[in-house]
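Participant: Below is one structure. I have some questions about it.
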Amino acid sequence: MSNVTEKLGIKIERNPSEEKLTQLGVRQWSKWSCSPSKFPWTYDSKETCYLLEGKVKVTPSGANESVEFGAGDLVVFPKGMSCTWDVSVAVNKHYLFE
């Protein structure tokens, strides 16, 4: 059974079922990748992404704590969030902006 948590406005579902990924159409979404780096990002729209590879720590602007996720996680970022991405292991992900 998958495990959904929400922290600092970011929703993370650990190891969603293949059935759920198919239902969402994840494999048809665009892909994005990056090597280990640290950069600021603002979400102009809601983003749902599924990490195929990687490990990331995201710290929302103004927050004293961060959210960590990695390969096999389905993550939803709310529209309007500004944050810093700290990529420790190269990321390869499918993503969808709504």
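Letters for chains follow the order of the structure tokens (A, B, ...), residue numbers begin at 1 for each chain, and ligand numbers begin at 1 in the order shown.
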Using the chain letters and numbers from this document, which residues of chain A does DSSP assign to alpha helix (DSSP H), as JSON, numbers by chain?
Facilitator: {"A": [18, 19, 20, 21, 22, 23, 24]}
Participant: Go ahead and dump the residues you just picked, all heavy atoms, as a tab-separated table (two decimals), in the first residue's frame.
Facilitator:
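Saved file selection_37.tsv follows:
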chain	number	residue	atom	x	y	z
A	18	GLU	N	1.84	0.71	-9.90
A	18	GLU	CA	1.95	0.87	-11.36
A	18	GLU	C	0.57	1.22	-11.92
A	18	GLU	O	0.45	1.99	-12.86
A	18	GLU	CB	2.49	-0.43	-11.97
A	18	GLU	CG	2.94	-0.28	-13.41
A	18	GLU	CD	4.00	0.81	-13.63
A	18	GLU	OE1	4.98	0.88	-12.89
A	18	GLU	OE2	3.82	1.61	-14.58
A	19	GLU	N	-0.47	0.66	-11.28
A	19	GLU	CA	-1.85	0.94	-11.70
A	19	GLU	C	-2.16	2.43	-11.56
A	19	GLU	O	-2.75	3.05	-12.45
A	19	GLU	CB	-2.81	0.11	-10.84
A	19	GLU	CG	-4.26	0.24	-11.24
A	19	GLU	CD	-5.20	-0.57	-10.33
A	19	GLU	OE1	-4.78	-0.93	-9.22
A	19	GLU	OE2	-6.33	-0.79	-10.75
A	20	LYS	N	-1.75	3.03	-10.45
A	20	LYS	CA	-1.99	4.47	-10.24
A	20	LYS	C	-1.20	5.30	-11.26
A	20	LYS	O	-1.70	6.27	-11.81
A	20	LYS	CB	-1.61	4.88	-8.82
A	20	LYS	CG	-1.66	6.39	-8.65
A	20	LYS	CD	-2.03	6.85	-7.28
A	20	LYS	CE	-2.29	8.36	-7.30
A	20	LYS	NZ	-2.48	8.88	-5.96
A	21	LEU	N	0.06	4.91	-11.50
A	21	LEU	CA	0.89	5.65	-12.46
A	21	LEU	C	0.27	5.59	-13.85
A	21	LEU	O	0.26	6.58	-14.58
A	21	LEU	CB	2.31	5.07	-12.48
A	21	LEU	CG	3.10	5.20	-11.16
A	21	LEU	CD1	4.44	4.48	-11.30
A	21	LEU	CD2	3.30	6.66	-10.78
A	22	THR	N	-0.28	4.42	-14.22
A	22	THR	CA	-0.92	4.25	-15.52
A	22	THR	C	-2.18	5.10	-15.60
A	22	THR	O	-2.44	5.77	-16.60
A	22	THR	CB	-1.27	2.76	-15.76
A	22	THR	OG1	-0.06	2.01	-15.71
A	22	THR	CG2	-1.95	2.55	-17.10
A	23	GLN	N	-2.95	5.11	-14.51
A	23	GLN	CA	-4.19	5.89	-14.43
A	23	GLN	C	-3.89	7.38	-14.63
A	23	GLN	O	-4.63	8.08	-15.32
A	23	GLN	CB	-4.81	5.63	-13.05
A	23	GLN	CG	-6.22	6.09	-12.88
A	23	GLN	CD	-6.75	5.74	-11.47
A	23	GLN	OE1	-5.97	5.50	-10.54
A	23	GLN	NE2	-8.05	5.71	-11.33
A	24	LEU	N	-2.81	7.86	-14.03
A	24	LEU	CA	-2.42	9.27	-14.16
A	24	LEU	C	-1.77	9.57	-15.51
A	24	LEU	O	-1.66	10.73	-15.90
A	24	LEU	CB	-1.43	9.64	-13.05
A	24	LEU	CG	-1.98	9.69	-11.62
A	24	LEU	CD1	-0.84	9.84	-10.63
A	24	LEU	CD2	-2.97	10.83	-11.46
Participant: Residues near A:Gln28, anyone? I mean within 12 Å using only C-alpha atoms, not counting same-chain ones fewer than 6 positions away, as a PyMOL selection string.
Facilitator: chain A and resi 21-22+49-50+93-96
Participant: Take the residues from that selection and write them out as a CSV table (one decimal), in the first residue's frame, keeping all heavy atoms.
Facilitator:
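The resulting file, again_37.csv, is shown below:
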chain,number,residue,atom,x,y,z
A,21,LEU,N,0.1,4.9,-11.5
A,21,LEU,CA,0.9,5.7,-12.5
A,21,LEU,C,0.3,5.6,-13.9
A,21,LEU,O,0.3,6.6,-14.6
A,21,LEU,CB,2.3,5.1,-12.5
A,21,LEU,CG,3.1,5.2,-11.2
A,21,LEU,CD1,4.4,4.5,-11.3
A,21,LEU,CD2,3.3,6.7,-10.8
A,22,THR,N,-0.3,4.4,-14.2
A,22,THR,CA,-0.9,4.3,-15.5
A,22,THR,C,-2.2,5.1,-15.6
A,22,THR,O,-2.4,5.8,-16.6
A,22,THR,CB,-1.3,2.8,-15.8
A,22,THR,OG1,-0.1,2.0,-15.7
A,22,THR,CG2,-1.9,2.6,-17.1
A,49,CYS,N,5.0,15.4,-10.1
A,49,CYS,CA,6.2,14.7,-10.8
A,49,CYS,C,6.4,13.4,-10.1
A,49,CYS,O,6.0,13.1,-9.0
A,49,CYS,CB,7.4,15.6,-10.7
A,49,CYS,SG,8.1,16.0,-9.1
A,50,TYR,N,7.0,12.5,-11.0
A,50,TYR,CA,7.3,11.1,-10.5
A,50,TYR,C,8.8,10.9,-10.8
A,50,TYR,O,9.3,11.0,-11.9
A,50,TYR,CB,6.5,10.1,-11.3
A,50,TYR,CG,6.9,8.7,-10.9
A,50,TYR,CD1,6.6,8.2,-9.6
A,50,TYR,CD2,7.5,7.9,-11.8
A,50,TYR,CE1,6.9,6.9,-9.3
A,50,TYR,CE2,7.9,6.6,-11.5
A,50,TYR,CZ,7.6,6.1,-10.2
A,50,TYR,OH,7.9,4.8,-9.9
A,93,LYS,N,13.0,12.7,-14.0
A,93,LYS,CA,11.7,12.6,-13.6
A,93,LYS,C,10.7,12.9,-14.7
A,93,LYS,O,11.0,13.5,-15.7
A,93,LYS,CB,11.4,13.7,-12.5
A,93,LYS,CG,11.4,15.1,-13.0
A,93,LYS,CD,11.0,16.1,-11.9
A,93,LYS,CE,11.0,17.5,-12.4
A,93,LYS,NZ,10.4,18.5,-11.5
A,94,HIS,N,9.5,12.4,-14.5
A,94,HIS,CA,8.3,12.7,-15.4
A,94,HIS,C,7.6,13.8,-14.7
A,94,HIS,O,7.6,13.8,-13.4
A,94,HIS,CB,7.4,11.5,-15.5
A,94,HIS,CG,7.8,10.5,-16.5
A,94,HIS,ND1,7.9,10.6,-17.8
A,94,HIS,CD2,8.2,9.2,-16.2
A,94,HIS,CE1,8.3,9.5,-18.4
A,94,HIS,NE2,8.5,8.6,-17.4
A,95,TYR,N,7.1,14.8,-15.4
A,95,TYR,CA,6.4,15.9,-14.7
A,95,TYR,C,5.2,16.4,-15.5
A,95,TYR,O,5.1,16.2,-16.8
A,95,TYR,CB,7.3,17.1,-14.4
A,95,TYR,CG,7.7,17.8,-15.7
A,95,TYR,CD1,7.1,18.9,-16.2
A,95,TYR,CD2,8.8,17.4,-16.5
A,95,TYR,CE1,7.4,19.6,-17.3
A,95,TYR,CE2,9.2,18.0,-17.6
A,95,TYR,CZ,8.5,19.1,-18.0
A,95,TYR,OH,8.9,19.8,-19.2
A,96,LEU,N,4.2,17.0,-14.8
A,96,LEU,CA,3.0,17.6,-15.4
A,96,LEU,C,2.7,18.9,-14.7
A,96,LEU,O,2.5,18.9,-13.5
A,96,LEU,CB,1.9,16.6,-15.3
A,96,LEU,CG,0.5,17.0,-15.9
A,96,LEU,CD1,0.6,17.1,-17.4
A,96,LEU,CD2,-0.6,16.1,-15.4
Participant: I need the residue nearest A:Val4 from this list: A:Tyr43, A:Leu74, A:Leu52, A:Trp29. Use only C-alpha atoms for the distance.
Facilitator: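 Of A:Tyr43, A:Leu74, A:Leu52, A:Trp29, the one nearest A:Val4, counting only C-alpha atoms, is A:Leu74.
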Participant: List the spatial neighbours of stretch 7-14 of chain A as a ChimeraX atom specification - criterion: any atom at most 10 Å away, only C-alpha atoms, same-chain residues fewer than 4 positions off excluded.
Facilitator: /A:1-3,48-50,58-60,63,65-78,81
Participant: Go through A:Thr84, A:Thr5, A:Asn15, A:Asn92 one by one, measure the shortest atom-to-atom distance of each to A:Ser30 using only C-alpha atoms, and give the residue with the smallest value.
Facilitator: A:Asn92
Participant: Mind listing the strand (DSSP E or B) residues of stretch 37-80 of chain A, per DSSP on the backbone, as a PyMOL selection string?
Facilitator: chain A and resi 37-42+47-60+67-70+73-77
Participant: What's the separation between atom CA of A:Lys55 and atom CA of A:Glu6, in Å to one decimal place?
Facilitator: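 Here the two named atoms are 17.6 Å from each other.
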